[in-house]
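What follows is the content of data24.cif, which has mmCIF, C-alpha atoms (C1' of nucleotides) and all ligand atoms:
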data_work
#
loop_
_atom_site.group_PDB
_atom_site.id
_atom_site.type_symbol
_atom_site.label_atom_id
_atom_site.label_comp_id
_atom_site.auth_asym_id
_atom_site.auth_seq_id
_atom_site.Cartn_x
_atom_site.Cartn_y
_atom_site.Cartn_z
ATOM 1 C CA MET A 1101 -1.268 -26.692 5.689
ATOM 2 C CA GLN A 1102 1.870 -24.645 5.822
ATOM 3 C CA LYS A 1103 5.276 -26.261 5.763
ATOM 4 C CA LEU A 1104 8.433 -24.895 7.304
ATOM 5 C CA THR A 1105 10.672 -25.573 4.339
ATOM 6 C CA ALA A 1106 14.379 -24.877 4.040
ATOM 7 C CA GLN A 1107 13.645 -21.600 2.265
ATOM 8 C CA ARG A 1108 11.196 -20.459 4.918
ATOM 9 C CA GLN A 1109 13.595 -21.506 7.661
ATOM 10 C CA ALA A 1110 16.280 -19.384 6.017
ATOM 11 C CA ILE A 1111 13.932 -16.384 5.928
ATOM 12 C CA LEU A 1112 12.936 -16.929 9.541
ATOM 13 C CA ASP A 1113 16.550 -17.227 10.684
ATOM 14 C CA MET A 1114 17.500 -14.073 8.811
ATOM 15 C CA ILE A 1115 14.737 -12.078 10.471
ATOM 16 C CA ASN A 1116 15.301 -13.574 13.905
ATOM 17 C CA ARG A 1117 18.927 -12.608 14.030
ATOM 18 C CA SER A 1118 18.328 -8.867 13.725
ATOM 19 C CA ASP A 1119 16.038 -6.120 14.962
ATOM 20 C CA LYS A 1120 15.387 -4.719 11.528
ATOM 21 C CA HIS A 1121 12.023 -4.120 9.949
ATOM 22 C CA TRP A 1122 12.509 -6.033 6.745
ATOM 23 C CA GLU A 1123 10.895 -5.547 3.421
ATOM 24 C CA ALA A 1124 10.686 -8.459 0.993
ATOM 25 C CA ASP A 1125 13.462 -7.132 -1.248
ATOM 26 C CA ASP A 1126 15.838 -6.752 1.679
ATOM 27 C CA VAL A 1127 15.291 -10.347 2.722
ATOM 28 C CA ALA A 1128 15.827 -11.616 -0.812
ATOM 29 C CA TYR A 1129 18.998 -9.581 -1.184
ATOM 30 C CA ALA A 1130 20.418 -10.582 2.194
ATOM 31 C CA LEU A 1131 19.785 -14.244 1.495
ATOM 32 C CA LYS A 1132 21.456 -13.994 -1.886
ATOM 33 C CA GLU A 1133 24.430 -12.326 -0.167
ATOM 34 C CA GLU A 1134 24.936 -15.334 2.042
ATOM 35 C CA GLY A 1135 24.581 -17.754 -0.827
ATOM 36 C CA VAL A 1136 21.016 -18.910 -0.282
ATOM 37 C CA GLN A 1137 19.310 -19.131 -3.655
ATOM 38 C CA ILE A 1138 15.632 -18.311 -3.415
ATOM 39 C CA GLY A 1139 13.137 -16.807 -5.831
ATOM 40 C CA ILE A 1140 11.519 -13.475 -5.018
ATOM 41 C CA ALA A 1141 8.041 -14.991 -5.237
ATOM 42 C CA THR A 1142 9.083 -17.571 -2.669
ATOM 43 C CA VAL A 1143 10.268 -14.800 -0.372
ATOM 44 C CA TYR A 1144 6.888 -13.091 -0.584
ATOM 45 C CA ARG A 1145 5.051 -16.356 0.002
ATOM 46 C CA GLY A 1146 7.389 -17.338 2.806
ATOM 47 C CA LEU A 1147 6.977 -14.043 4.611
ATOM 48 C CA ALA A 1148 3.193 -14.268 4.356
ATOM 49 C CA ALA A 1149 3.203 -17.872 5.573
ATOM 50 C CA LEU A 1150 5.512 -17.151 8.508
ATOM 51 C CA ALA A 1151 3.427 -14.143 9.537
ATOM 52 C CA GLU A 1152 0.243 -16.168 9.307
ATOM 53 C CA GLN A 1153 1.755 -18.762 11.633
ATOM 54 C CA GLY A 1154 2.815 -16.050 14.042
ATOM 55 C CA LEU A 1155 6.498 -16.821 13.625
ATOM 56 C CA ILE A 1156 7.183 -13.261 12.495
ATOM 57 C CA GLU A 1157 5.285 -9.995 12.805
ATOM 58 C CA SER A 1158 4.168 -7.827 9.941
ATOM 59 C CA ILE A 1159 3.507 -4.103 9.898
ATOM 60 C CA GLN A 1160 1.899 -2.253 7.044
ATOM 61 C CA LEU A 1161 3.576 0.988 6.134
ATOM 62 C CA ALA A 1162 2.075 3.375 3.624
ATOM 63 C CA ASP A 1163 3.089 1.495 0.549
ATOM 64 C CA LYS A 1164 4.816 -1.685 1.550
ATOM 65 C CA LYS A 1165 4.840 -4.339 4.229
ATOM 66 C CA ARG A 1166 7.669 -4.817 6.698
ATOM 67 C CA TYR A 1167 8.413 -7.896 8.756
ATOM 68 C CA GLU A 1168 10.131 -8.219 12.100
ATOM 69 C CA ARG A 1169 10.846 -10.749 14.831
ATOM 70 C CA ALA A 1170 7.822 -11.992 16.736
ATOM 71 C CA ASP A 1171 9.626 -12.530 20.040
ATOM 72 C CA LYS A 1172 9.219 -8.929 21.128
ATOM 73 C CA ALA A 1173 6.344 -7.589 23.167
ATOM 74 C CA HIS A 1174 3.652 -5.694 21.285
ATOM 75 C CA HIS A 1175 4.733 -2.204 20.332
ATOM 76 C CA ASP A 1176 3.981 0.568 17.880
ATOM 77 C CA HIS A 1177 6.302 2.626 15.693
ATOM 78 C CA LEU A 1178 7.825 6.055 15.251
ATOM 79 C CA ILE A 1179 8.911 6.575 11.657
ATOM 80 C CA CYS A 1180 11.379 9.254 10.650
ATOM 81 C CA THR A 1181 10.183 10.883 7.456
ATOM 82 C CA ASP A 1182 13.722 12.078 6.762
ATOM 83 C CA CYS A 1183 16.043 9.097 7.260
ATOM 84 C CA GLY A 1184 13.452 6.326 7.332
ATOM 85 C CA ASN A 1185 14.578 5.023 10.689
ATOM 86 C CA ILE A 1186 11.968 3.165 12.707
ATOM 87 C CA GLU A 1187 11.823 3.394 16.496
ATOM 88 C CA GLU A 1188 9.575 1.360 18.726
ATOM 89 C CA PHE A 1189 7.487 2.288 21.706
ATOM 90 C CA CYS A 1190 5.050 0.660 24.028
ATOM 91 C CA GLU A 1191 2.344 2.693 25.725
ATOM 92 C CA PRO A 1192 -0.208 0.571 27.618
ATOM 93 C CA GLU A 1193 -2.330 3.615 28.384
ATOM 94 C CA ILE A 1194 -2.907 4.194 24.682
ATOM 95 C CA GLU A 1195 -3.873 0.572 24.207
ATOM 96 C CA ALA A 1196 -6.312 0.823 27.104
ATOM 97 C CA LEU A 1197 -7.888 3.948 25.634
ATOM 98 C CA GLN A 1198 -8.272 2.213 22.287
ATOM 99 C CA ASP A 1199 -10.184 -0.568 24.007
ATOM 100 C CA LYS A 1200 -12.349 2.002 25.771
ATOM 101 C CA VAL A 1201 -13.170 3.792 22.519
ATOM 102 C CA ALA A 1202 -14.087 0.521 20.844
ATOM 103 C CA ALA A 1203 -16.164 -0.682 23.763
ATOM 104 C CA GLU A 1204 -18.178 2.522 23.750
ATOM 105 C CA ARG A 1205 -19.192 1.813 20.170
ATOM 106 C CA GLY A 1206 -19.795 -1.914 20.411
ATOM 107 C CA PHE A 1207 -16.805 -2.392 18.124
ATOM 108 C CA LYS A 1208 -14.764 -5.574 18.530
ATOM 109 C CA ILE A 1209 -11.080 -4.785 18.005
ATOM 110 C CA GLU A 1210 -9.092 -7.392 16.126
ATOM 111 C CA GLY A 1211 -5.986 -5.317 15.618
ATOM 112 C CA HIS A 1212 -4.666 -1.829 15.373
ATOM 113 C CA GLN A 1213 -1.939 0.216 13.796
ATOM 114 C CA LEU A 1214 -0.438 3.332 15.310
ATOM 115 C CA LEU A 1215 2.235 5.123 13.344
ATOM 116 C CA LEU A 1216 3.856 8.367 14.459
ATOM 117 C CA PHE A 1217 5.527 10.227 11.610
ATOM 118 C CA GLY A 1218 8.109 12.957 12.044
ATOM 119 C CA LEU A 1219 11.753 13.676 12.623
ATOM 120 C CA CYS A 1220 13.925 11.466 14.773
ATOM 121 C CA LYS A 1221 16.252 13.064 17.292
ATOM 122 C CA THR A 1222 19.210 12.961 14.906
ATOM 123 C CA CYS A 1223 17.397 14.419 11.914
ATOM 124 C CA LYS A 1224 15.706 17.058 14.037
ATOM 125 C CA ALA A 1225 19.141 18.253 15.204
ATOM 126 C CA GLY A 1226 20.432 18.572 11.657
ATOM 127 C CA GLU A 1227 17.593 20.682 10.313
ATOM 128 C CA SER A 1228 18.285 23.907 8.419
ATOM 129 C CA MET B 416 0.921 27.690 -7.311
ATOM 130 C CA GLN B 417 -2.205 25.601 -7.229
ATOM 131 C CA LYS B 418 -5.344 26.702 -8.977
ATOM 132 C CA LEU B 419 -8.886 25.860 -7.998
ATOM 133 C CA THR B 420 -10.074 24.909 -11.444
ATOM 134 C CA ALA B 421 -13.562 23.836 -12.446
ATOM 135 C CA GLN B 422 -12.525 20.180 -12.210
ATOM 136 C CA ARG B 423 -11.039 20.619 -8.756
ATOM 137 C CA GLN B 424 -14.068 22.582 -7.610
ATOM 138 C CA ALA B 425 -16.279 19.716 -8.778
ATOM 139 C CA ILE B 426 -14.170 17.225 -6.799
ATOM 140 C CA LEU B 427 -14.233 19.453 -3.735
ATOM 141 C CA ASP B 428 -18.013 19.946 -3.923
ATOM 142 C CA MET B 429 -18.570 16.215 -4.300
ATOM 143 C CA ILE B 430 -16.507 15.457 -1.209
ATOM 144 C CA ASN B 431 -17.942 18.309 0.826
ATOM 145 C CA ARG B 432 -21.512 17.229 0.376
ATOM 146 C CA SER B 433 -21.068 13.839 2.020
ATOM 147 C CA ASP B 434 -19.367 12.199 4.982
ATOM 148 C CA LYS B 435 -17.843 9.415 2.918
ATOM 149 C CA HIS B 436 -14.219 8.435 2.808
ATOM 150 C CA TRP B 437 -13.669 8.598 -0.904
ATOM 151 C CA GLU B 438 -11.184 6.765 -3.032
ATOM 152 C CA ALA B 439 -10.132 8.238 -6.366
ATOM 153 C CA ASP B 440 -12.207 5.803 -8.401
ATOM 154 C CA ASP B 441 -15.337 6.610 -6.419
ATOM 155 C CA VAL B 442 -14.919 10.306 -7.059
ATOM 156 C CA ALA B 443 -14.345 9.768 -10.771
ATOM 157 C CA TYR B 444 -17.395 7.521 -11.024
ATOM 158 C CA ALA B 445 -19.667 9.843 -9.033
ATOM 159 C CA LEU B 446 -18.640 12.815 -11.161
ATOM 160 C CA LYS B 447 -19.302 10.883 -14.347
ATOM 161 C CA GLU B 448 -22.721 9.965 -12.943
ATOM 162 C CA GLU B 449 -23.658 13.593 -12.636
ATOM 163 C CA GLY B 450 -22.358 14.452 -16.075
ATOM 164 C CA VAL B 451 -19.038 16.023 -15.167
ATOM 165 C CA GLN B 452 -16.430 14.820 -17.615
ATOM 166 C CA ILE B 453 -13.031 14.515 -16.008
ATOM 167 C CA GLY B 454 -10.022 12.267 -16.662
ATOM 168 C CA ILE B 455 -8.894 9.862 -13.986
ATOM 169 C CA ALA B 456 -5.410 11.410 -13.877
ATOM 170 C CA THR B 457 -7.009 14.772 -13.211
ATOM 171 C CA VAL B 458 -8.949 13.257 -10.341
ATOM 172 C CA TYR B 459 -5.744 11.925 -8.784
ATOM 173 C CA ARG B 460 -3.978 15.236 -9.278
ATOM 174 C CA GLY B 461 -6.967 17.196 -8.043
ATOM 175 C CA LEU B 462 -7.292 15.123 -4.882
ATOM 176 C CA ALA B 463 -3.591 15.528 -4.144
ATOM 177 C CA ALA B 464 -3.733 19.277 -4.772
ATOM 178 C CA LEU B 465 -6.826 19.787 -2.623
ATOM 179 C CA ALA B 466 -5.308 17.774 0.207
ATOM 180 C CA GLU B 467 -2.066 19.719 -0.025
ATOM 181 C CA GLN B 468 -4.037 22.956 0.313
ATOM 182 C CA GLY B 469 -5.880 21.586 3.294
ATOM 183 C CA LEU B 470 -9.247 21.773 1.541
ATOM 184 C CA ILE B 471 -9.790 18.049 2.039
ATOM 185 C CA GLU B 472 -8.233 15.465 4.346
ATOM 186 C CA SER B 473 -6.489 12.296 3.263
ATOM 187 C CA ILE B 474 -6.051 9.059 5.126
ATOM 188 C CA GLN B 475 -3.804 6.227 4.025
ATOM 189 C CA LEU B 476 -5.340 2.809 4.303
ATOM 190 C CA ALA B 477 -3.375 -0.360 3.676
ATOM 191 C CA ASP B 478 -3.443 -0.209 -0.075
ATOM 192 C CA LYS B 479 -5.116 2.967 -1.141
ATOM 193 C CA LYS B 480 -5.731 6.526 -0.097
ATOM 194 C CA ARG B 481 -9.103 7.870 0.970
ATOM 195 C CA TYR B 482 -10.211 11.485 1.052
ATOM 196 C CA GLU B 483 -12.791 13.202 3.225
ATOM 197 C CA ARG B 484 -14.092 16.621 4.139
ATOM 198 C CA ALA B 485 -11.661 18.852 5.996
ATOM 199 C CA ASP B 486 -14.285 20.731 7.997
ATOM 200 C CA LYS B 487 -14.381 18.148 10.733
ATOM 201 C CA ALA B 488 -12.184 18.171 13.818
ATOM 202 C CA HIS B 489 -9.201 15.834 13.835
ATOM 203 C CA HIS B 490 -10.209 12.250 14.403
ATOM 204 C CA ASP B 491 -9.000 8.711 13.852
ATOM 205 C CA HIS B 492 -10.779 5.712 12.408
ATOM 206 C CA LEU B 493 -12.350 2.385 13.260
ATOM 207 C CA ILE B 494 -12.462 0.140 10.217
ATOM 208 C CA CYS B 495 -14.743 -2.863 9.988
ATOM 209 C CA THR B 496 -12.840 -5.750 8.424
ATOM 210 C CA ASP B 497 -16.137 -7.371 7.487
ATOM 211 C CA CYS B 498 -18.283 -4.700 5.820
ATOM 212 C CA GLY B 499 -15.611 -2.056 5.249
ATOM 213 C CA ASN B 500 -17.515 0.620 7.103
ATOM 214 C CA ILE B 501 -15.445 3.394 8.618
ATOM 215 C CA GLU B 502 -16.342 5.023 11.941
ATOM 216 C CA GLU B 503 -14.648 8.010 13.436
ATOM 217 C CA PHE B 504 -13.513 8.792 16.931
ATOM 218 C CA CYS B 505 -11.694 11.515 18.755
ATOM 219 C CA GLU B 506 -9.678 10.763 21.869
ATOM 220 C CA PRO B 507 -7.586 13.696 23.080
ATOM 221 C CA GLU B 508 -5.953 11.575 25.772
ATOM 222 C CA ILE B 509 -4.438 9.334 23.113
ATOM 223 C CA GLU B 510 -3.135 12.347 21.227
ATOM 224 C CA ALA B 511 -1.589 13.690 24.417
ATOM 225 C CA LEU B 512 0.092 10.354 25.130
ATOM 226 C CA GLN B 513 1.490 10.285 21.599
ATOM 227 C CA ASP B 514 3.058 13.677 22.214
ATOM 228 C CA LYS B 515 4.476 12.440 25.497
ATOM 229 C CA VAL B 516 6.020 9.355 23.873
ATOM 230 C CA ALA B 517 7.566 11.468 21.135
ATOM 231 C CA ALA B 518 8.875 14.081 23.545
ATOM 232 C CA GLU B 519 10.594 11.409 25.634
ATOM 233 C CA ARG B 520 12.560 10.362 22.568
ATOM 234 C CA GLY B 521 13.348 13.780 21.150
ATOM 235 C CA PHE B 522 11.132 12.893 18.211
ATOM 236 C CA LYS B 523 9.284 15.719 16.486
ATOM 237 C CA ILE B 524 5.831 14.526 15.437
ATOM 238 C CA GLU B 525 4.607 15.765 12.069
ATOM 239 C CA GLY B 526 1.635 13.476 11.807
ATOM 240 C CA HIS B 527 0.169 10.228 12.927
ATOM 241 C CA GLN B 528 -2.171 7.507 11.868
ATOM 242 C CA LEU B 529 -4.232 5.389 14.217
ATOM 243 C CA LEU B 530 -6.401 2.702 12.718
ATOM 244 C CA LEU B 531 -8.468 0.284 14.765
ATOM 245 C CA PHE B 532 -9.446 -2.837 12.836
ATOM 246 C CA GLY B 533 -12.218 -5.189 13.814
ATOM 247 C CA LEU B 534 -15.953 -5.795 13.661
ATOM 248 C CA CYS B 535 -18.454 -2.982 13.816
ATOM 249 C CA LYS B 536 -21.492 -3.330 16.053
ATOM 250 C CA THR B 537 -23.665 -4.608 13.215
ATOM 251 C CA CYS B 538 -21.217 -7.181 11.910
ATOM 252 C CA LYS B 539 -20.376 -8.361 15.415
ATOM 253 C CA ALA B 540 -24.053 -9.080 16.028
ATOM 254 C CA GLY B 541 -24.354 -11.151 12.871
ATOM 255 C CA GLU B 542 -21.390 -13.432 13.550
ATOM 256 C CA SER B 543 -21.787 -17.208 13.356
ATOM 257 C "C1'" DA C 258 12.086 -49.209 -2.695
ATOM 258 C "C1'" DT C 259 8.117 -47.251 -5.385
ATOM 259 C "C1'" DG C 260 4.495 -44.443 -6.505
ATOM 260 C "C1'" DC C 261 1.213 -40.968 -5.220
ATOM 261 C "C1'" DC C 262 -0.458 -36.440 -3.694
ATOM 262 C "C1'" DG C 263 -0.632 -32.090 -1.785
ATOM 263 C "C1'" DA C 264 2.258 -28.318 -1.070
ATOM 264 C "C1'" DA C 265 6.196 -25.476 -2.447
ATOM 265 C "C1'" DT C 266 9.202 -23.430 -5.786
ATOM 266 C "C1'" DG C 267 10.725 -20.192 -9.291
ATOM 267 C "C1'" DA C 268 10.347 -17.845 -13.624
ATOM 268 C "C1'" DT C 269 7.368 -14.846 -15.386
ATOM 269 C "C1'" DA C 270 2.893 -12.620 -16.452
ATOM 270 C "C1'" DA C 271 -0.632 -10.008 -14.485
ATOM 271 C "C1'" DT C 272 -2.771 -6.750 -11.241
ATOM 272 C "C1'" DC C 273 -3.653 -2.460 -9.086
ATOM 273 C "C1'" DA C 274 -3.133 2.060 -7.360
ATOM 274 C "C1'" DC C 275 -0.788 5.574 -8.613
ATOM 275 C "C1'" DT C 276 2.656 8.730 -11.195
ATOM 276 C "C1'" DA C 277 5.085 10.473 -15.325
ATOM 277 C "C1'" DT C 278 4.922 11.986 -20.021
ATOM 278 C "C1'" DC C 279 3.406 14.781 -23.564
ATOM 279 C "C1'" DA C 280 0.710 17.370 -26.641
ATOM 280 C "C1'" DC C 281 -2.659 20.520 -26.121
ATOM 281 C "C1'" DT C 282 -5.524 24.117 -23.653
ATOM 282 C "C1'" DA C 283 -7.049 27.493 -20.239
ATOM 283 C "C1'" DT C 284 -5.861 31.497 -17.371
ATOM 284 C "C1'" DC C 285 -3.582 35.494 -16.184
ATOM 285 C "C1'" DA C 286 -0.327 39.489 -16.427
ATOM 286 C "C1'" DT C 287 1.920 42.547 -19.223
ATOM 287 C "C1'" DA D 372 -2.114 39.942 -28.735
ATOM 288 C "C1'" DT D 373 1.837 37.590 -26.460
ATOM 289 C "C1'" DG D 374 4.061 34.835 -23.463
ATOM 290 C "C1'" DA D 375 4.467 32.491 -18.973
ATOM 291 C "C1'" DT D 376 2.510 29.247 -16.072
ATOM 292 C "C1'" DA D 377 -0.364 25.669 -14.627
ATOM 293 C "C1'" DG D 378 -3.919 22.207 -15.730
ATOM 294 C "C1'" DT D 379 -5.969 18.560 -18.550
ATOM 295 C "C1'" DG D 380 -6.589 13.957 -20.384
ATOM 296 C "C1'" DA D 381 -5.073 9.979 -22.887
ATOM 297 C "C1'" DT D 382 -1.892 6.768 -22.168
ATOM 298 C "C1'" DA D 383 2.513 4.644 -20.858
ATOM 299 C "C1'" DG D 384 5.203 3.465 -16.990
ATOM 300 C "C1'" DT D 385 6.236 2.145 -12.091
ATOM 301 C "C1'" DG D 386 6.629 -0.672 -8.087
ATOM 302 C "C1'" DA D 387 4.926 -3.793 -4.774
ATOM 303 C "C1'" DT D 388 2.500 -7.691 -4.663
ATOM 304 C "C1'" DT D 389 -0.140 -11.727 -6.414
ATOM 305 C "C1'" DA D 390 -1.494 -15.262 -9.914
ATOM 306 C "C1'" DT D 391 -0.172 -18.793 -13.180
ATOM 307 C "C1'" DC D 392 1.898 -22.938 -14.353
ATOM 308 C "C1'" DA D 393 5.214 -26.372 -15.165
ATOM 309 C "C1'" DT D 394 8.329 -28.651 -12.285
ATOM 310 C "C1'" DT D 395 10.093 -30.486 -7.901
ATOM 311 C "C1'" DC D 396 9.973 -31.857 -3.062
ATOM 312 C "C1'" DG D 397 8.560 -34.441 1.107
ATOM 313 C "C1'" DG D 398 6.231 -37.576 3.439
ATOM 314 C "C1'" DC D 399 3.350 -41.743 3.485
ATOM 315 C "C1'" DA D 400 0.753 -45.955 2.027
ATOM 316 C "C1'" DT D 401 1.687 -49.859 -0.528
HETATM 317 MN MN MN A 1301 8.886 -3.039 15.497
HETATM 318 MN MN MN A 1302 -12.877 10.367 8.818
HETATM 319 ZN ZN ZN A 1303 15.727 10.436 11.013
HETATM 320 ZN ZN ZN A 1304 -19.088 -4.006 9.667
#
Represent the supplied structure as structure tokens.
Amino acid sequence: MQKLTAQRQAILDMINRSDKHWEADDVAYALKEEGVQIGIATVYRGLAALAEQGLIESIQLADKKRYERADKAHHDHLICTDCGNIEEFCEPEIEALQDKVAAERGFKIEGHQLLLFGLCKTCKAGES
Amino acid sequence: MQKLTAQRQAILDMINRSDKHWEADDVAYALKEEGVQIGIATVYRGLAALAEQGLIESIQLADKKRYERADKAHHDHLICTDCGNIEEFCEPEIEALQDKVAAERGFKIEGHQLLLFGLCKTCKAGES
DNA sequence: ATGCCGAATGATAATCACTATCACTATCAT
DNA sequence: ATGATAGTGATAGTGATTATCATTCGGCAT
């Protein structure tokens, strides 16, 4: 079974003290910054282990995974294709409709991913 | 500008004559099967070019891209985590709510991706 | 305290989908 | 024909992630 080692605790603390959506490299770099020595493979394994235990959340973007705190209510994401900023939103009506769609087909939902791509307010304002 | 070469026409025909969600390898293999010789890089480039021209649709799954016919109305996907089967659904109310969420934030939507993961009817029935 | 065992670590090799490079070819306009 | 432009295909490279493997750590039974 999974252990909460010093390295994993350091990763968990790092993620828990911000609202960022972290990628593995970011975590490794930030830990190195504050003097925690940890191999990149250990970061990947730690993130996977913590997510599996529900101590952090993971979201799958196009190419890479991001991790965030697990102590927030469920939400989905708006991703700015210009600056990369990620906003969060919660829309219970959408979730309910997803359940309806699945129920109609005899499909048992285990999870979902809703990503809205486009321009955030700031980037939209600065368009040519 | 983009040309509709013989290779790209072959890719397009292959995709248009089925309802599958193709990955690049599948297309390359199927073409080889029917005697069309085409390099894998050309398949990747052809798929990207056809999608850019709107002649086929692309969806981004966790790790790899899939391509499908473009002559269907917009829809999202239910993905069986057991057998890999992909079902389609269309739910205008969800699309409308997405627009509402974005509008509230001054976010300009350029695209979205909604994936529902879980067990299809068949796989749900055969669970232990 | 000592030894054992499963899990974790970290350096590094490997994987996998995809993209870049590059020499060559096909197409089209003059 | 000539040149410009885009495409092709073999292959090398990329980047995120995972596998390998020798070494180390953390309990726990003796
Ligand atoms: Mn989030
Ligand atoms: Mn589809
Ligand atoms: Zn932005
Ligand atoms: Zn299934």
query: So how far away is atom CA of A:Asp1163 from atom CA of A:Tyr1144, in Å?
result: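 Going from atom CA of A:Tyr1144 over to atom CA of A:Asp1163 covers 15.1 Å.
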Contact residues (chain A, partner chain B, 12 Å, only C-alpha atoms) as a PyMOL selection string: chain A and resi 1159-1165+1176-1182+1185-1225+1227
Expand the PyMOL selection byres (((chain D and resi 378-387) around 7) and not hetatm) into the individual residues it matches in the shown file, reporting them as a CSV table (one decimal) with C-alpha atoms (C1' of nucleotides), in the frame of the given file.
chain,number,residue,atom,x,y,z
A,1164,LYS,CA,4.8,-1.7,1.6
B,454,GLY,CA,-10.0,12.3,-16.7
B,457,THR,CA,-7.0,14.8,-13.2
D,377,DA,C1',-0.4,25.7,-14.6
D,388,DT,C1',2.5,-7.7,-4.7
- request: Check what the PyMOL selection byres ((chain C) within 10 of (chain A and not hetatm)) selects in the file above and give those residues as a list in words.
  value: DG263, DA264, DA265, DT266, DG267 and DA268 of chain C
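The spacing separating atom CA of A:Gln1153 from atom CA of A:Arg1117 amounts to 18.4 Å.
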Exercise: B:Lys447 partners within 12 Å, all atoms listed in the file, chain neighbours under 4 positions left out, as a CSV table (one decimal) with C-alpha atoms, in the frame of the given file:
chain,number,residue,atom,x,y,z
B,422,GLN,CA,-12.5,20.2,-12.2
B,425,ALA,CA,-16.3,19.7,-8.8
B,426,ILE,CA,-14.2,17.2,-6.8
B,429,MET,CA,-18.6,16.2,-4.3
B,440,ASP,CA,-12.2,5.8,-8.4
B,441,ASP,CA,-15.3,6.6,-6.4
B,442,VAL,CA,-14.9,10.3,-7.1
B,443,ALA,CA,-14.3,9.8,-10.8
B,451,VAL,CA,-19.0,16.0,-15.2
B,452,GLN,CA,-16.4,14.8,-17.6
B,453,ILE,CA,-13.0,14.5,-16.0
B,454,GLY,CA,-10.0,12.3,-16.7
B,455,ILE,CA,-8.9,9.9,-14.0
B,458,VAL,CA,-8.9,13.3,-10.3
query: Of the residues A:Ala1149, A:Ile1156, A:Ala1170, A:Glu1123, which is the one nearest to chain D, using only C-alpha atoms (C1' of nucleotides)?
result: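 Counting only C-alpha atoms (C1' of nucleotides), the residue closest to chain D is A:Glu1123.
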- prompt: What's the 12 Å shell around D:DT373, counting only C-alpha atoms (C1' of nucleotides), without same-chain residues fewer than 3 positions away, as a VMD selection string?
  reply: chain C and resid 285 to 287
